[in-house]
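Following: one structure in structure tokens, then a few remarks.
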Amino acid sequence: MNESTTYQKIFCERLKFARLAKGLSQKKLGILAGIDEFVASARINRYEQGVHQASIDVVHQLAKALDVPPAYFYTDDEDLALLLFKWNRIGSDGRKALVESVRSLD
């Protein structure tokens with residue numbers, strides 16, 4: 001498996017995981033991401049299956065709809081993926097504390 005295939009697979013898995021964690025159908029996610037409702041389900045399905053690759057603009061729309069940073073879809077580090085997945089959920093105080101903790105490592 002080449003590197004591009006690996007990252008495509010990671011994207012597909014992360015997209016599906018985040019969608020299901022948010023309790024969204026493929027169609028609903030597509031609509032929330034600004035995709036025409038008549039093709040929304042098929043488009044998201046093709047992204048999740050790796051048939052099509054989302055443009056960076058679409059990735060940003062998906063990230064916004066799923067409340068995750070766009071980087072979440074691409075990191076190959078599972079621990080970092082977890083942090084990114086939870087990033088918006090920990091609130092600004094939690095983010096500040098986490099960043100301060102990381103800064104203190106230097």
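Residue numbering restarts at 1 for every chain of the structure tokens, chains are lettered A, B, ... in their displayed order, and ligands are numbered from 1 as they appear.
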query = Excluding same-chain residues fewer than 4 positions from stretch 16-22 of chain A, what lies within 8 Å of it counting only C-alpha atoms, as a list in words?
reply = Cys12, Gln26, Leu29, Glu48, Leu66 and Phe85 of chain A
query = What are the DSSP helix (DSSP H, G or I) residues of chain A, as number ranges by chain?
reply = A: 3-21, 26-32, 40-49, 56-66, 70-73, 78-89, 91-103
Create the file for the chosen residues now, containing C-alpha atoms and written as an mmCIF file, in the first residue's frame.
```cif
data_model
loop_
_atom_site.group_PDB
_atom_site.id
_atom_site.type_symbol
_atom_site.label_atom_id
_atom_site.label_comp_id
_atom_site.auth_asym_id
_atom_site.auth_seq_id
_atom_site.Cartn_x
_atom_site.Cartn_y
_atom_site.Cartn_z
ATOM 1 C CA GLU A 3 1.507 6.436 1.136
ATOM 2 C CA SER A 4 -1.288 8.126 -0.811
ATOM 3 C CA THR A 5 -3.492 5.024 -0.477
ATOM 4 C CA THR A 6 -2.755 4.901 3.251
ATOM 5 C CA TYR A 7 -3.785 8.518 3.787
ATOM 6 C CA GLN A 8 -6.896 8.040 1.660
ATOM 7 C CA LYS A 9 -7.839 5.042 3.825
ATOM 8 C CA ILE A 10 -7.253 7.080 6.995
ATOM 9 C CA PHE A 11 -9.459 9.871 5.638
ATOM 10 C CA CYS A 12 -12.259 7.429 4.792
ATOM 11 C CA GLU A 13 -12.188 5.777 8.216
ATOM 12 C CA ARG A 14 -12.044 9.066 10.113
ATOM 13 C CA LEU A 15 -14.878 10.587 8.099
ATOM 14 C CA LYS A 16 -17.146 7.634 8.776
ATOM 15 C CA PHE A 17 -16.203 7.483 12.468
ATOM 16 C CA ALA A 18 -16.879 11.201 13.007
ATOM 17 C CA ARG A 19 -20.168 11.020 11.097
ATOM 18 C CA LEU A 20 -21.424 8.072 13.123
ATOM 19 C CA ALA A 21 -20.216 9.632 16.403
ATOM 20 C CA GLN A 26 -24.610 10.311 4.992
ATOM 21 C CA LYS A 27 -27.320 12.479 3.470
ATOM 22 C CA LYS A 28 -27.629 14.735 6.519
ATOM 23 C CA LEU A 29 -23.855 15.224 6.717
ATOM 24 C CA GLY A 30 -23.735 16.072 3.032
ATOM 25 C CA ILE A 31 -26.480 18.638 3.400
ATOM 26 C CA LEU A 32 -24.828 20.186 6.480
ATOM 27 C CA ALA A 40 -25.466 14.369 -0.688
ATOM 28 C CA SER A 41 -25.777 10.724 0.381
ATOM 29 C CA ALA A 42 -23.978 9.366 -2.682
ATOM 30 C CA ARG A 43 -21.144 11.898 -2.375
ATOM 31 C CA ILE A 44 -20.498 11.142 1.289
ATOM 32 C CA ASN A 45 -20.689 7.421 0.560
ATOM 33 C CA ARG A 46 -18.084 7.806 -2.185
ATOM 34 C CA TYR A 47 -15.809 9.773 0.147
ATOM 35 C CA GLU A 48 -16.166 7.117 2.852
ATOM 36 C CA GLN A 49 -15.505 4.312 0.365
ATOM 37 C CA ILE A 56 -9.717 20.764 0.600
ATOM 38 C CA ASP A 57 -12.728 23.112 0.499
ATOM 39 C CA VAL A 58 -15.099 20.176 0.971
ATOM 40 C CA VAL A 59 -12.895 18.791 3.764
ATOM 41 C CA HIS A 60 -13.229 22.121 5.580
ATOM 42 C CA GLN A 61 -17.020 22.020 5.125
ATOM 43 C CA LEU A 62 -17.152 18.435 6.429
ATOM 44 C CA ALA A 63 -14.944 19.344 9.390
ATOM 45 C CA LYS A 64 -17.198 22.252 10.285
ATOM 46 C CA ALA A 65 -20.317 20.081 10.054
ATOM 47 C CA LEU A 66 -18.681 17.396 12.217
ATOM 48 C CA PRO A 70 -9.618 19.413 9.285
ATOM 49 C CA ALA A 71 -6.298 17.919 10.448
ATOM 50 C CA TYR A 72 -8.273 15.166 12.192
ATOM 51 C CA PHE A 73 -8.951 13.519 8.848
ATOM 52 C CA GLU A 78 -4.115 7.595 16.650
ATOM 53 C CA ASP A 79 -3.413 9.527 19.868
ATOM 54 C CA LEU A 80 -3.213 12.811 17.978
ATOM 55 C CA ALA A 81 -6.394 11.887 16.109
ATOM 56 C CA LEU A 82 -8.159 11.433 19.464
ATOM 57 C CA LEU A 83 -6.952 14.844 20.668
ATOM 58 C CA LEU A 84 -8.095 16.469 17.442
ATOM 59 C CA PHE A 85 -11.443 14.673 17.564
ATOM 60 C CA LYS A 86 -12.046 15.950 21.114
ATOM 61 C CA TRP A 87 -10.459 19.404 20.579
ATOM 62 C CA ASN A 88 -13.680 21.379 20.069
ATOM 63 C CA ARG A 89 -15.485 19.392 22.748
ATOM 64 C CA GLY A 91 -13.985 23.966 25.493
ATOM 65 C CA SER A 92 -11.688 26.947 25.546
ATOM 66 C CA ASP A 93 -10.586 26.438 29.169
ATOM 67 C CA GLY A 94 -9.700 22.812 28.476
ATOM 68 C CA ARG A 95 -7.796 23.773 25.318
ATOM 69 C CA LYS A 96 -5.873 26.492 27.172
ATOM 70 C CA ALA A 97 -4.941 24.065 29.952
ATOM 71 C CA LEU A 98 -3.834 21.435 27.457
ATOM 72 C CA VAL A 99 -1.734 23.919 25.485
ATOM 73 C CA GLU A 100 -0.132 25.239 28.688
ATOM 74 C CA SER A 101 0.673 21.692 29.732
ATOM 75 C CA VAL A 102 2.335 21.041 26.382
ATOM 76 C CA ARG A 103 4.264 24.325 26.549
#
```
key: Among the residues A:Asn2, A:Ile35, A:Asp76, A:Val68, the one that comes closest to A:Ala54 [using only C-alpha atoms]   =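 Checking each candidate against A:Ala54, we get A:Ile35 as the closest.
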remark   = Across A:Gln53, A:Asp106, A:Asp67, A:Thr75, the smallest distance to A:Ile90, with only C-alpha atoms counted, is shown by A:Asp67
